[in-house]
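Engineer: Okay, so here is data-v1.txt, and as you'll see once you scroll down, it has compact mmCIF, C-alpha atoms.
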# COMPACT_ATOMS: atom_id res chain seq x y z
CA MET A 765 -7.83 -6.59 -1.47
CA ARG A 766 -7.15 -3.78 -3.93
CA ILE A 767 -3.41 -3.13 -4.07
CA VAL A 768 -1.37 -0.54 -5.95
CA ILE A 769 2.23 -1.65 -6.45
CA LYS A 770 4.80 0.91 -7.55
CA VAL A 771 8.05 -0.52 -8.86
CA GLY A 772 11.11 1.69 -9.38
CA THR A 773 13.79 1.70 -12.03
CA SER A 774 16.34 0.34 -9.56
CA THR A 775 14.15 -2.76 -9.15
CA LEU A 776 13.49 -3.33 -12.84
CA ALA A 777 16.94 -2.70 -14.26
CA HIS A 778 20.58 -3.45 -13.69
CA PRO A 779 22.86 -0.43 -13.04
CA THR A 780 23.58 -0.51 -16.79
CA GLY A 781 19.93 0.37 -17.42
CA LEU A 782 19.30 -2.95 -19.13
CA LEU A 783 16.44 -5.10 -17.92
CA ASN A 784 16.99 -7.32 -14.89
CA ILE A 785 15.30 -10.24 -16.61
CA LYS A 786 15.27 -12.67 -13.69
CA ARG A 787 13.78 -10.13 -11.28
CA VAL A 788 11.09 -8.86 -13.66
CA GLU A 789 10.06 -12.40 -14.56
CA GLN A 790 9.77 -13.26 -10.87
CA MET A 791 7.79 -10.10 -10.13
CA CYS A 792 5.27 -10.81 -12.88
CA LYS A 793 4.92 -14.39 -11.62
CA VAL A 794 4.23 -13.25 -8.03
CA ILE A 795 1.76 -10.56 -9.11
CA SER A 796 -0.03 -13.09 -11.31
CA ASP A 797 -0.28 -15.45 -8.34
CA LEU A 798 -1.71 -12.67 -6.17
CA LYS A 799 -4.32 -11.98 -8.82
CA ASN A 800 -5.16 -15.66 -8.99
CA ALA A 801 -5.73 -15.51 -5.22
CA GLY A 802 -8.39 -12.85 -5.77
CA HIS A 803 -6.53 -9.57 -5.26
CA GLU A 804 -6.99 -6.61 -7.58
CA ILE A 805 -3.59 -5.28 -8.68
CA LEU A 806 -2.64 -1.97 -10.28
CA LEU A 807 1.01 -1.61 -11.25
CA VAL A 808 2.66 1.81 -11.37
CA SER A 809 5.89 1.17 -13.22
CA SER A 810 8.94 3.31 -13.62
CA GLY A 811 11.73 2.11 -15.86
CA ALA A 812 10.95 3.47 -19.31
CA ILE A 813 13.71 6.10 -19.25
CA GLY A 814 16.24 3.75 -17.68
CA MET A 815 15.51 0.99 -20.20
CA GLY A 816 15.59 3.44 -23.10
CA LEU A 817 18.93 4.86 -21.99
CA GLY A 818 20.33 1.35 -21.72
CA LYS A 819 19.26 0.58 -25.29
CA ILE A 820 21.08 3.63 -26.63
CA GLY A 821 24.22 3.04 -24.58
CA TYR A 822 23.86 5.38 -21.59
CA THR A 823 24.87 4.12 -18.14
CA LYS A 824 23.46 7.10 -16.23
CA ARG A 825 20.80 9.69 -16.76
CA PRO A 826 21.91 12.66 -18.88
CA ASP A 827 21.17 16.19 -17.74
CA ASP A 828 19.19 17.33 -20.78
CA ILE A 829 15.45 16.72 -20.83
CA PRO A 830 15.07 15.98 -24.59
CA THR A 831 17.39 12.96 -24.33
CA ASN A 832 15.40 11.68 -21.37
CA GLN A 833 12.16 12.17 -23.28
CA ALA A 834 13.57 10.31 -26.27
CA ALA A 835 14.75 7.52 -23.97
CA ALA A 836 11.26 7.29 -22.48
CA ALA A 837 9.76 6.85 -25.94
CA ILE A 838 12.25 4.06 -26.70
CA GLY A 839 12.02 2.37 -23.32
CA GLN A 840 8.23 2.45 -22.96
CA CYS A 841 7.90 0.16 -25.99
CA GLU A 842 10.24 -2.44 -24.51
CA LEU A 843 8.74 -2.12 -21.04
CA MET A 844 5.18 -2.82 -22.17
CA TYR A 845 6.29 -5.56 -24.56
CA THR A 846 8.03 -7.26 -21.65
CA TYR A 847 5.04 -6.94 -19.30
CA ASP A 848 2.60 -8.15 -21.96
CA LYS A 849 4.75 -11.17 -22.76
CA LEU A 850 5.39 -12.17 -19.14
CA PHE A 851 1.88 -11.67 -17.79
CA SER A 852 0.41 -13.47 -20.82
CA GLU A 853 2.36 -16.56 -19.77
CA TYR A 854 0.12 -16.65 -16.68
CA ASN A 855 -3.07 -15.86 -18.63
CA HIS A 856 -3.35 -12.26 -17.46
CA THR A 857 -4.05 -9.26 -19.67
CA VAL A 858 -2.37 -5.91 -19.16
CA ALA A 859 -3.35 -2.39 -20.19
CA GLN A 860 -1.09 0.60 -20.63
CA ILE A 861 -2.05 3.95 -19.14
CA LEU A 862 0.28 6.90 -19.69
CA MET A 863 -0.70 9.80 -17.48
CA THR A 864 0.03 13.50 -17.68
CA GLY A 865 0.22 14.54 -14.06
CA ALA A 866 -0.80 18.17 -14.55
CA TYR A 867 -4.25 17.08 -15.67
CA VAL A 868 -5.04 14.59 -12.91
CA ALA A 869 -6.62 17.28 -10.75
CA LEU A 870 -8.98 18.36 -13.53
CA GLU A 871 -12.47 17.07 -12.83
CA ASP A 872 -13.27 15.57 -16.24
CA TYR A 873 -9.80 14.07 -16.67
CA GLY A 874 -9.88 12.51 -13.21
CA LYS A 875 -13.38 11.14 -13.76
CA ASN A 876 -12.43 9.62 -17.10
CA LEU A 877 -9.30 8.10 -15.62
CA ASN A 878 -11.24 6.53 -12.76
CA ASN A 879 -13.87 5.18 -15.15
CA THR A 880 -11.14 3.49 -17.17
CA LEU A 881 -9.31 2.08 -14.15
CA PHE A 882 -12.45 0.70 -12.51
CA ARG A 883 -13.62 -0.88 -15.77
CA LEU A 884 -10.23 -2.52 -16.30
CA LEU A 885 -10.39 -3.97 -12.79
CA GLU A 886 -13.91 -5.25 -13.47
CA LEU A 887 -12.56 -6.96 -16.59
CA GLY A 888 -9.79 -8.60 -14.60
CA VAL A 889 -7.07 -6.63 -16.38
CA ILE A 890 -3.84 -5.40 -14.75
CA PRO A 891 -3.49 -1.64 -15.43
CA ILE A 892 0.16 -0.64 -15.88
CA ILE A 893 0.53 3.07 -15.26
CA ASN A 894 3.37 5.48 -15.89
CA GLU A 895 3.89 9.20 -16.30
CA ASN A 896 3.88 10.17 -19.98
CA ASP A 897 7.53 11.26 -19.99
CA THR A 898 7.64 11.76 -23.74
CA VAL A 899 5.36 14.81 -23.57
CA THR A 900 5.62 16.07 -20.00
CA THR A 901 8.75 16.88 -18.04
CA ASP A 902 7.38 16.97 -14.48
CA GLU A 903 8.39 13.41 -13.56
CA ILE A 904 11.73 13.71 -15.37
CA VAL A 905 12.61 16.74 -13.29
CA ILE A 906 11.01 15.71 -9.98
CA GLY A 907 11.25 11.92 -10.07
CA ASP A 908 7.77 11.47 -8.75
CA ASN A 909 6.27 8.11 -9.65
CA ASP A 910 5.95 7.55 -5.89
CA THR A 911 3.45 10.39 -5.82
CA LEU A 912 1.79 9.01 -8.94
CA GLY A 913 1.36 5.72 -7.10
CA ALA A 914 -0.23 7.57 -4.21
CA THR A 915 -2.54 9.46 -6.56
CA ILE A 916 -3.71 6.23 -8.17
CA ALA A 917 -4.20 4.54 -4.79
CA ILE A 918 -6.41 7.39 -3.62
CA SER A 919 -8.33 7.49 -6.91
CA VAL A 920 -9.26 3.81 -6.84
CA LYS A 921 -9.75 3.70 -3.06
CA ALA A 922 -7.04 1.07 -2.67
CA ASP A 923 -6.54 -0.87 0.54
CA LEU A 924 -2.75 -0.75 0.29
CA LEU A 925 0.04 1.03 -1.59
CA ILE A 926 3.35 -0.83 -1.87
CA LEU A 927 6.46 1.02 -3.03
CA LEU A 928 9.15 -1.41 -4.16
CA SER A 929 12.56 0.27 -4.21
CA ASP A 930 16.23 -0.50 -3.55
CA ILE A 931 16.03 -0.03 0.22
CA ASP A 932 14.46 -2.13 2.98
CA GLY A 933 12.33 0.73 4.30
CA LEU A 934 12.79 3.94 6.27
CA PHE A 935 15.93 4.08 8.41
CA THR A 936 17.08 6.31 11.24
CA GLY A 937 20.02 7.28 9.01
CA ASP A 938 21.53 6.46 5.64
CA PRO A 939 22.31 2.72 5.90
CA ASN A 940 24.91 3.08 3.14
CA LYS A 941 26.89 5.54 5.27
CA ASP A 942 25.82 4.94 8.86
CA PRO A 943 26.46 1.40 10.18
CA ASP A 944 24.28 2.18 13.21
CA ALA A 945 21.23 3.13 11.14
CA LYS A 946 18.14 1.14 12.17
CA ARG A 947 15.14 0.31 10.06
CA ILE A 948 11.82 1.62 11.40
CA ASP A 949 9.21 -1.15 11.32
CA VAL A 950 6.09 1.00 11.72
CA VAL A 951 5.45 4.71 11.31
CA GLU A 952 2.30 5.58 13.23
CA GLU A 953 2.32 9.24 12.15
CA ILE A 954 4.43 11.28 9.78
CA THR A 955 5.98 13.91 12.01
CA GLU A 956 8.60 16.54 11.30
CA GLU A 957 11.21 14.15 12.73
CA ILE A 958 10.15 11.44 10.25
CA GLU A 959 10.39 13.88 7.36
CA LYS A 960 13.92 14.82 8.39
CA LEU A 961 15.01 11.19 8.02
CA ALA A 962 14.46 11.31 4.25
CA GLY A 963 17.49 11.66 2.00
CA ASP A 964 17.57 13.77 -1.13
CA ARG A 965 18.63 11.55 -4.00
CA GLY A 966 17.81 8.28 -5.69
CA SER A 967 19.80 5.78 -7.70
CA VAL A 968 21.98 6.55 -10.71
CA LEU A 969 19.26 5.71 -13.25
CA GLY A 970 16.27 6.57 -11.08
CA THR A 971 15.32 9.98 -9.75
CA GLY A 972 13.28 9.27 -6.65
CA GLY A 973 14.40 8.88 -3.07
CA MET A 974 12.93 8.68 0.40
CA ILE A 975 11.59 12.23 0.19
CA THR A 976 9.07 11.29 -2.50
CA LYS A 977 8.12 8.19 -0.52
CA ILE A 978 7.43 10.22 2.61
CA ASN A 979 5.30 12.61 0.55
CA ALA A 980 3.40 9.67 -0.92
CA ALA A 981 2.88 8.25 2.56
CA LYS A 982 1.41 11.55 3.76
CA MET A 983 -1.03 11.55 0.87
CA VAL A 984 -2.34 8.01 1.25
CA THR A 985 -2.35 7.70 5.05
CA GLU A 986 -4.41 10.88 5.30
CA ASN A 987 -6.90 9.17 2.97
CA GLY A 988 -7.17 6.00 5.06
CA ILE A 989 -4.73 3.86 3.07
CA ASP A 990 -1.77 1.92 4.47
CA MET A 991 1.56 2.24 2.66
CA ILE A 992 4.63 0.02 2.67
CA VAL A 993 8.18 0.71 1.51
CA ALA A 994 10.07 -2.50 0.77
CA ASN A 995 13.07 -3.71 -1.17
CA GLY A 996 12.13 -5.10 -4.56
CA ARG A 997 15.30 -7.18 -5.04
CA ASN A 998 13.22 -10.26 -4.15
CA PRO A 999 9.66 -9.82 -5.46
CA GLU A 1000 8.47 -12.65 -3.21
CA ILE A 1001 8.45 -10.06 -0.44
CA LEU A 1002 4.94 -9.30 -1.73
CA TYR A 1003 3.88 -12.63 -0.21
CA ASP A 1004 5.49 -11.67 3.10
CA ILE A 1005 3.74 -8.31 3.12
CA LEU A 1006 0.30 -9.82 2.62
CA ASN A 1007 1.06 -12.45 5.27
CA GLY A 1008 2.01 -9.73 7.76
CA ASN A 1009 5.70 -10.54 8.03
CA GLY A 1010 8.94 -9.65 6.28
CA ILE A 1011 11.35 -6.73 6.20
CA TYR A 1012 9.80 -3.37 5.32
CA THR A 1013 8.40 -0.17 6.81
CA LEU A 1014 4.66 0.21 7.26
CA PHE A 1015 3.17 3.70 7.26
CA LYS A 1016 -0.14 3.27 9.05
CA LYS A 1017 -3.29 4.87 7.75
CA GLN A 1018 -4.96 7.61 9.75
CA GLU A 1019 -8.58 7.39 10.78
CA VAL A 1020 -10.75 9.37 8.36
Starting from the file, lay out its structure as structure tokens.

Structural biologist:
Amino acid sequence: MRIVIKVGTSTLAHPTGLLNIKRVEQMCKVISDLKNAGHEILLVSSGAIGMGLGKIGYTKRPDDIPTNQAAAAIGQCELMYTYDKLFSEYNHTVAQILMTGAYVALEDYGKNLNNTLFRLLELGVIPIINENDTVTTDEIVIGDNDTLGATIAISVKADLLILLSDIDGLFTGDPNKDPDAKRIDVVEEITEEIEKLAGDRGSVLGTGGMITKINAAKMVTENGIDMIVANGRNPEILYDILNGNGIYTLFKKQEV
């Protein structure tokens, strides 16, 4: 199975912005095990800005874009160093791909990207993909690595997109405010009612939210790809997902 896994800042880092070492180590171990079982994995990783801000003493994202861009440049180094070190312990090689979203739709750029991704998969490498926040401001402003994950899933014709976040899935209300909010196990179709369930903000250090996840789900399900939103606090949920059990929301693919 070809799986794109998107992991958010809230999963990778403590609220301070500093790396959640135990969780990241566990995530790399589980992904390595899934690769050993024969799955092809592409990792879309947020976290560079959050980690960079933590290193320079910020506990929340500043409003100005240049500071965020500088933080991305600082944090991307640490992020890839960490991934390389941890995956190497399980004899897996990683590759860094920094994308500039505005160019993805261009024919030559998209073709070259796909050629690189498919060759890396053939070589047994784990591509680790992020928006190039040091030179483009789209993701900083929009908070859209969920959409980037969807774009990659469509490009490589993935079987499944998994968005690991800080919430157990899509709820009928905000579970932090509404004690009666219920998690929705399966979304058969993304209707106007489903879209209205999305909130409008992410975590303190992240910028996403359920809105970007709903948009990502629309993209991939229309292209025949299932998508799951799950809580990344315990990376072993990836085992549950592939075994068909666990706590998450499944957005079912549409027939194409």

Engineer: Could you name the residues that touch Glu804 of chain A at 9 Å or less, counting all atoms listed in the file, but leaving out those on the same chain fewer than 2 positions away, as a PyMOL selection string?

Structural biologist: chain A and resi 765-768+798-799+802+806+885+888-890

Engineer: Using all atoms listed in the file for the distances, tell me which of A:Leu862, A:Ile893, A:Leu928, A:Ile1011 is nearest to Ile948 of chain A.

Structural biologist: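 Of the candidates, the smallest distance to Ile948 of chain A is held by A:Ile1011.
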
Engineer: What does the structure give for the distance between atom CA of Phe851 of chain A and atom CA of Tyr822 of chain A, in Å to one decimal?

Structural biologist: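 Straight-line distance from atom CA of Phe851 of chain A to atom CA of Tyr822 of chain A works out to 28.1 Å.
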
Engineer: Would you kindly return, as a list in words, each protein, DNA or RNA residue with an atom no farther than 10 Å from any atom of Leu1002 of chain A, considering only C-alpha atoms and excluding same-chain residues fewer than 2 positions away?

Structural biologist: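 So the residues in contact are Ile769, Met791, Val794, Ile795, Leu798, Ile926, Leu928, Ala994, Asn995, Gly996, Asn998, Pro999, Glu1000, Asp1004, Ile1005, Leu1006, Asn1007, Gly1008, Asn1009 and Gly1010 of chain A.
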
Engineer: Which residue out of A:Ser852, A:Thr985, A:Ser929, A:Thr955 has the minimum interatomic distance to Arg997 of chain A when only C-alpha atoms are used?

Structural biologist: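 Nearest candidate to Arg997 of chain A out of A:Ser852, A:Thr985, A:Ser929, A:Thr955: A:Ser929.
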
Engineer: If you measure from atom CA of Val920 of chain A to atom CA of Phe882 of chain A, what distance in Å do you get, rounded to one decimal?

Structural biologist: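 Separation between atom CA of Val920 of chain A and atom CA of Phe882 of chain A: 7.2 Å.
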
Engineer: One decimal, Å: what's the distance from atom CA of Lys1016 of chain A over to atom CA of Val984 of chain A, could you say?

Structural biologist: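 A separation of 9.4 Å between them.
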
Engineer: Out of A:Ala980, A:Leu887, A:Val788, A:Ile958, which residue has the shortest atom-to-atom distance to Asn909 of chain A when counting only C-alpha atoms?

Structural biologist: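 Among the listed residues, A:Ala980 lies closest to Asn909 of chain A.
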
Engineer: Give me, as a ChimeraX atom specification, all polymer residues having an atom no more than 7 Å from Val951 of chain A, counting all atoms listed in the file and skipping those fewer than 2 positions away in the same chain.

Structural biologist: /A:949,953-954,1014-1016

Engineer: Measuring atom to atom with only C-alpha atoms, identify which of A:Glu853, A:Asp932, A:Asp827, A:Glu789 is nearest to Ile1001 of chain A.

Structural biologist: A:Asp932

Engineer: Considering only C-alpha atoms, state which residue in the set A:Asn876, A:Thr898, A:Asn987, A:Ser919 is at the smallest distance from Pro830 of chain A.

Structural biologist: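 That would be A:Thr898, the residue with the smallest distance to Pro830 of chain A.
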
Engineer: Go ahead and find all residues with at least one atom no further than 12 Å from (-4.4, 2.7, -15.9) in the file's coordinates, using all atoms listed in the file; report them as JSON, numbers by chain.

Structural biologist: {"A": [768, 805, 806, 807, 808, 809, 858, 859, 860, 861, 862, 863, 864, 874, 876, 877, 878, 879, 880, 881, 882, 883, 884, 885, 889, 890, 891, 892, 893, 894, 895, 896, 912, 913, 915, 916, 917, 919, 920]}

Engineer: Restricting the calculation to all atoms listed in the file: of A:Ala836, A:Ile918, A:Leu782, A:Cys841, which residue gets closest to Met983 of chain A?

Structural biologist: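 Checking each of A:Ala836, A:Ile918, A:Leu782, A:Cys841 against Met983 of chain A, counting all atoms listed in the file, the winner is A:Ile918.
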
Engineer: Could you pull the residues within 8 Å of segment 842-846 of chain A, counting all atoms listed in the file, minus those fewer than 6 positions along the same chain, as an mmCIF file with C-alpha atoms, in the coordinates of the input?

Structural biologist:
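Below is the file result_28.cif, written as the result:
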data_model
loop_
_atom_site.group_PDB
_atom_site.id
_atom_site.type_symbol
_atom_site.label_atom_id
_atom_site.label_comp_id
_atom_site.auth_asym_id
_atom_site.auth_seq_id
_atom_site.Cartn_x
_atom_site.Cartn_y
_atom_site.Cartn_z
ATOM 1 C CA GLY A 811 11.730 2.110 -15.860
ATOM 2 C CA ALA A 812 10.950 3.470 -19.310
ATOM 3 C CA MET A 815 15.510 0.990 -20.200
ATOM 4 C CA GLN A 860 -1.090 0.600 -20.630
#

Engineer: Give me the residues near Asn800 of chain A as a list in words, where near means some atom within 10 Å (using all atoms listed in the file) and where sequence neighbours in that chain fewer than 6 positions away do not count.

Structural biologist: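 Here the qualifying residues turn out to be Val794, Tyr854, Asn855 and His856 of chain A.
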